[in-house]
Every structure is written in structure tokens, then in C-alpha cells.
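> Dropping a structure here in C-alpha cells format, bear with me for questions.
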Amino acid sequence: MADEDSGTGLPASLEMAWGLRERPAKGPRPTLTLPRIVEAAVALAATEGMDAVSMGRVAKELGASTMSLYRYVAAKEELYVLMADAGVGTPPPLPPGAQDLGWRELLTQWAYAQWAVLMANSWILRIPITAPPATPNQLAWMDRGLAAMAGTGLEEGEKLSTIILIGGLVRNEATMAADMIDAIVKSGVTPQQALDRYVRTLRLLAGPDAHPAVTRLLDSDAFSGSGEPDFQFRFGLERILDGLAPLVAGRAGTG
């Protein structure tokens, strides 16, 4: 529950993450800390998946009672938010000479950095997004994305819409990749074997009369290309940036 007297509108646990609260205000001096709780929860998610994360299980990992955790985190959903913030970490800073790289390259770096984080910590993708960014690292990522478009002439609302659009692509591509990887691992076959099996299935199900477009796809080299793991992500990102380019150019021309 949000602390109405604080003025932030945030739950006490999120205020603690911002350093606005040192420790719970009531009771004896605690032996736990919020960072320890979040670290234990993240370790569970990384090794056993999000389904393993519960207040009771985290407490057990810390050798504490479940009720002691509630003095720091009022609900499991709050813990999830803090876990996601810890998982994404801090964004890479703007590189030296960033002003010379241009908005497109900076947004590309920003998007790829997010994609890499989610691919390495796919458990984050199992945490629902229930509110706009309001934690330290998430807000830092937001700021970094907005800063990439400084000097483009875009309105602030347009910059926000841009990072929401790109962020959606990042999350969607990472989620699909994580789901596919999980399925392949459980099936006990290699990625290439899984792809070959899928192609064989399509050839059995699709025919040139009923599915002419799918047939043309199968007859092309779409399933036997370079196999670059980031192809789908790169393709989608470049199309978004291509669409943004005329808008930026138009603003520069009227500036």
C-alpha cells in the first residue's frame, strides 16, 4: 500500500529502494535488509524460475520467518517489481562523443542493451507490467532512451511514444525467443532439429492451392538463411527507426 504521507505515492518498499527510507519504522532493529530480500528472490528466479518465488520460499532461503519479510515488502507483487528493477540493472552510459553518433545509433544501442539483458535474464519476462517505470534502474533506462533523441526536434511526448514502441519490440522478441528456447530444451532436440521438424510439418500441411503464400515461403531460403540469432529483432528495430526518420528529418527542416 502506498504511503500517503510521503508524497511519492509509492509503496514503502519502493521508497526504500530509492533510499528514502532506511528501514522499517516500527519494531526491533531488523536483521534483514531489502537488498538481501531482493537478491535472494532474484537468485531463486534465475535458478528455478519465477514459479519458485514466493514470500515463504524467499524467507526460507534467508533463514527468516515469512512475516519478517512483510515488514519490508507488503505484497509479492511489490517484490516482483523490485526483482525486475534489480534484474535489468543500470543502463550503459552514453558513449564518449555520443552527440556525433546520431539518434538512430544511440537508440539502436539502447534497444540492443535492453534485449541483451532480457535474453540473459528471461525470468524478468514472466513478471507482468502493471505500472509505468518508477524504480531506480527502470527510470534510468527510460532517461537513457529519451536522451538518445536529444536534438531530434521531436516533442517530448513523441520521444516517450518512441521508447514505448521500441521497448515493446524488445520485450516481445525476447519473450518469443525465451519461449522457443524453453520449448526446445524441453523437447531434447537442437534448435536446428526443431526448425527442420517445423519445416517438414509445414510441407505436409500446406499446399500450393490452399496456402500459396506459405508454399512460396517454404520454397525460398527463409528457413535456411544466415541463422543470425538477432535477425528478427534487428529487422523490426530497423523498420521502426526507418519510420521515425522522416519525422525527425521534417522537424529538422522546420527547426
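Residue names in the C-alpha cells use chain letters A, B, ... in the order shown, residue numbers from 1 in each chain, and ligand numbers from 1 in the order shown.
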What's around stretch 166-172 of chain A at 12 Å? Count only C-alpha atoms, leave out sequence neighbours fewer than 4 positions away in its own chain, and write the answer as a VMD selection string.
chain A and resid 104 107 to 119 121 to 129 133 138 141 to 142 145 to 146 159 to 162 176 to 179 230 232 to 241 243 to 244
> Would you compute the distance between atom CA of A:Lys186 and atom CA of A:Lys60? Give it in Å to one decimal.
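Between atom CA of A:Lys186 and atom CA of A:Lys60 the gap is 28.6 Å.
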> Leaving out A:Ala222 and any residue of its chain fewer than 6 positions from it, which residues lie within 12 Å of it when counting only C-alpha atoms, given as a PyMOL selection string?
chain A and resi 195+199+214-216+228+231-232
> With a distance cut-off of 10 Å and only C-alpha atoms, select the neighbouring residues of A:Leu44, excluding the residue or stretch itself and same-chain residues fewer than 2 positions from it, and output the selection as a ChimeraX atom specification.
/A:38-42,46-54,57-58,61,123
> What separation in Å, quoted to one decimal, exists between atom CA of A:Ala84 and atom CA of A:Pro229?
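So the two atoms, atom CA of A:Ala84 and atom CA of A:Pro229, lie 24.3 Å apart.
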> Just checking: using only C-alpha atoms, which residue out of A:Ala75, A:Leu32, A:Met55, A:Met149 ends up closest to A:Leu94?
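Under the stated criterion, the closest residue is A:Met149.
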> Check the DSSP output for the backbone and give back, as JSON, numbers by chain, the residues of stretch 34-227 of chain A in alpha helix (DSSP H).
{"A": [34, 35, 36, 37, 38, 39, 40, 41, 42, 43, 44, 45, 46, 47, 48, 55, 56, 57, 58, 59, 60, 61, 62, 66, 67, 68, 69, 76, 77, 78, 79, 80, 81, 82, 83, 84, 85, 86, 87, 88, 103, 104, 105, 106, 107, 108, 109, 110, 111, 112, 113, 114, 115, 116, 117, 118, 119, 120, 136, 137, 138, 139, 140, 141, 142, 143, 144, 145, 146, 147, 156, 157, 158, 159, 160, 161, 162, 163, 164, 165, 166, 167, 168, 169, 170, 171, 172, 173, 174, 175, 176, 177, 178, 179, 180, 181, 182, 183, 184, 185, 186, 187, 191, 192, 193, 194, 195, 196, 197, 198, 199, 200, 201, 202, 203, 204, 205, 212, 213, 214, 215, 216, 217, 218, 219]}
> Would you write out those residues with C-alpha atoms, as a short mmCIF file (atom, residue, chain, number, x, y, z; two decimals), in the first residue's frame?

data_model
loop_
_atom_site.label_atom_id
_atom_site.label_comp_id
_atom_site.auth_asym_id
_atom_site.auth_seq_id
_atom_site.Cartn_x
_atom_site.Cartn_y
_atom_site.Cartn_z
CA LEU A 34 15.58 -5.00 1.43
CA PRO A 35 18.57 -5.62 -0.89
CA ARG A 36 19.12 -9.04 0.74
CA ILE A 37 15.49 -9.98 0.21
CA VAL A 38 15.53 -8.90 -3.42
CA GLU A 39 18.87 -10.63 -4.04
CA ALA A 40 17.53 -13.91 -2.66
CA ALA A 41 14.38 -13.64 -4.77
CA VAL A 42 16.39 -12.92 -7.92
CA ALA A 43 18.67 -15.89 -7.24
CA LEU A 44 15.61 -18.14 -6.94
CA ALA A 45 14.11 -16.82 -10.18
CA ALA A 46 17.41 -17.21 -12.04
CA THR A 47 17.91 -20.82 -10.95
CA GLU A 48 14.37 -22.19 -10.62
CA MET A 55 7.38 -14.86 0.18
CA GLY A 56 7.65 -18.11 2.12
CA ARG A 57 10.35 -19.57 -0.12
CA VAL A 58 12.40 -16.38 -0.09
CA ALA A 59 12.13 -16.25 3.70
CA LYS A 60 13.32 -19.86 3.90
CA GLU A 61 16.34 -19.04 1.72
CA LEU A 62 17.21 -16.23 4.10
CA THR A 66 7.76 -15.15 6.28
CA MET A 67 6.19 -12.44 8.41
CA SER A 68 9.56 -10.71 8.78
CA LEU A 69 9.64 -10.11 5.02
CA LYS A 76 4.54 -10.40 -3.52
CA GLU A 77 3.72 -8.05 -6.39
CA GLU A 78 5.93 -5.38 -4.84
CA LEU A 79 8.75 -7.89 -4.60
CA TYR A 80 8.31 -8.68 -8.28
CA VAL A 81 8.73 -5.00 -9.18
CA LEU A 82 11.91 -4.77 -7.13
CA MET A 83 13.22 -8.00 -8.65
CA ALA A 84 12.66 -6.68 -12.17
CA ASP A 85 14.49 -3.49 -11.29
CA ALA A 86 17.45 -5.44 -9.92
CA GLY A 87 17.41 -7.75 -12.93
CA VAL A 88 17.63 -5.05 -15.58
CA TRP A 103 19.82 9.48 -32.61
CA ARG A 104 19.47 6.31 -34.69
CA GLU A 105 22.70 4.72 -33.49
CA LEU A 106 22.01 5.73 -29.89
CA LEU A 107 18.52 4.23 -29.95
CA THR A 108 19.92 1.08 -31.55
CA GLN A 109 22.49 0.74 -28.77
CA TRP A 110 19.78 1.36 -26.16
CA ALA A 111 17.48 -1.26 -27.66
CA TYR A 112 20.20 -3.89 -28.04
CA ALA A 113 21.35 -3.32 -24.47
CA GLN A 114 17.81 -3.99 -23.21
CA TRP A 115 17.45 -7.02 -25.47
CA ALA A 116 20.71 -8.48 -24.16
CA VAL A 117 19.60 -8.00 -20.55
CA LEU A 118 16.27 -9.74 -21.12
CA MET A 119 17.83 -12.58 -23.08
CA ALA A 120 20.28 -13.16 -20.22
CA PRO A 136 15.68 3.49 -9.88
CA ASN A 137 17.05 1.32 -12.68
CA GLN A 138 13.87 1.32 -14.75
CA LEU A 139 13.76 5.12 -14.63
CA ALA A 140 17.44 5.27 -15.58
CA TRP A 141 16.71 3.16 -18.68
CA MET A 142 13.83 5.48 -19.54
CA ASP A 143 16.06 8.53 -19.17
CA ARG A 144 18.77 6.93 -21.31
CA GLY A 145 16.29 6.24 -24.10
CA LEU A 146 14.87 9.75 -24.03
CA ALA A 147 18.37 11.23 -24.00
CA GLU A 156 8.72 15.07 -25.51
CA GLY A 157 5.53 13.05 -25.92
CA GLU A 158 6.82 11.72 -29.24
CA LYS A 159 10.07 10.69 -27.62
CA LEU A 160 8.13 8.84 -24.94
CA SER A 161 5.99 7.09 -27.55
CA THR A 162 9.16 6.09 -29.41
CA ILE A 163 10.78 4.37 -26.44
CA ILE A 164 7.47 2.67 -25.58
CA LEU A 165 7.26 1.34 -29.15
CA ILE A 166 10.86 0.13 -29.18
CA GLY A 167 10.56 -1.25 -25.66
CA GLY A 168 7.54 -3.25 -26.79
CA LEU A 169 9.53 -4.74 -29.66
CA VAL A 170 12.38 -5.61 -27.31
CA ARG A 171 10.11 -7.37 -24.84
CA ASN A 172 8.09 -9.17 -27.49
CA GLU A 173 11.14 -10.50 -29.33
CA ALA A 174 12.85 -11.53 -26.11
CA THR A 175 9.69 -13.26 -24.88
CA MET A 176 9.26 -15.24 -28.08
CA ALA A 177 12.92 -16.23 -28.07
CA ALA A 178 12.76 -17.31 -24.43
CA ASP A 179 9.60 -19.34 -25.05
CA MET A 180 11.15 -21.05 -28.05
CA ILE A 181 14.34 -21.82 -26.17
CA ASP A 182 12.37 -23.31 -23.26
CA ALA A 183 10.35 -25.46 -25.63
CA ILE A 184 13.44 -26.67 -27.49
CA VAL A 185 15.24 -27.51 -24.25
CA LYS A 186 12.25 -29.49 -23.00
CA SER A 187 11.97 -31.34 -26.33
CA PRO A 191 17.46 -25.63 -32.45
CA GLN A 192 18.27 -26.76 -36.00
CA GLN A 193 16.45 -30.04 -35.48
CA ALA A 194 13.43 -28.17 -34.15
CA LEU A 195 13.44 -25.89 -37.20
CA ASP A 196 13.80 -28.81 -39.59
CA ARG A 197 10.89 -30.57 -37.90
CA TYR A 198 8.73 -27.46 -38.23
CA VAL A 199 9.54 -27.11 -41.94
CA ARG A 200 8.67 -30.76 -42.54
CA THR A 201 5.37 -30.27 -40.73
CA LEU A 202 4.52 -27.21 -42.82
CA ARG A 203 5.30 -29.05 -46.03
CA LEU A 204 2.89 -31.80 -45.01
CA LEU A 205 0.12 -29.39 -44.04
CA PRO A 212 0.17 -20.45 -51.91
CA ALA A 213 1.96 -17.81 -49.83
CA VAL A 214 3.20 -20.36 -47.30
CA THR A 215 4.35 -22.58 -50.16
CA ARG A 216 6.38 -19.73 -51.64
CA LEU A 217 7.90 -19.19 -48.20
CA LEU A 218 8.90 -22.84 -47.95
CA ASP A 219 10.40 -22.77 -51.43
#
> Check the smallest atom-to-atom distance from each of A:Pro95, A:Leu101, A:Thr135, A:Thr130 to A:Ala17 using only C-alpha atoms, then report the winner.
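Selected residue with least distance to A:Ala17: A:Thr135.
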> Record the distance separating atom CA of A:Val73 and atom CA of A:Glu15, expressed in Å with one decimal.
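It comes out at 10.8 Å.
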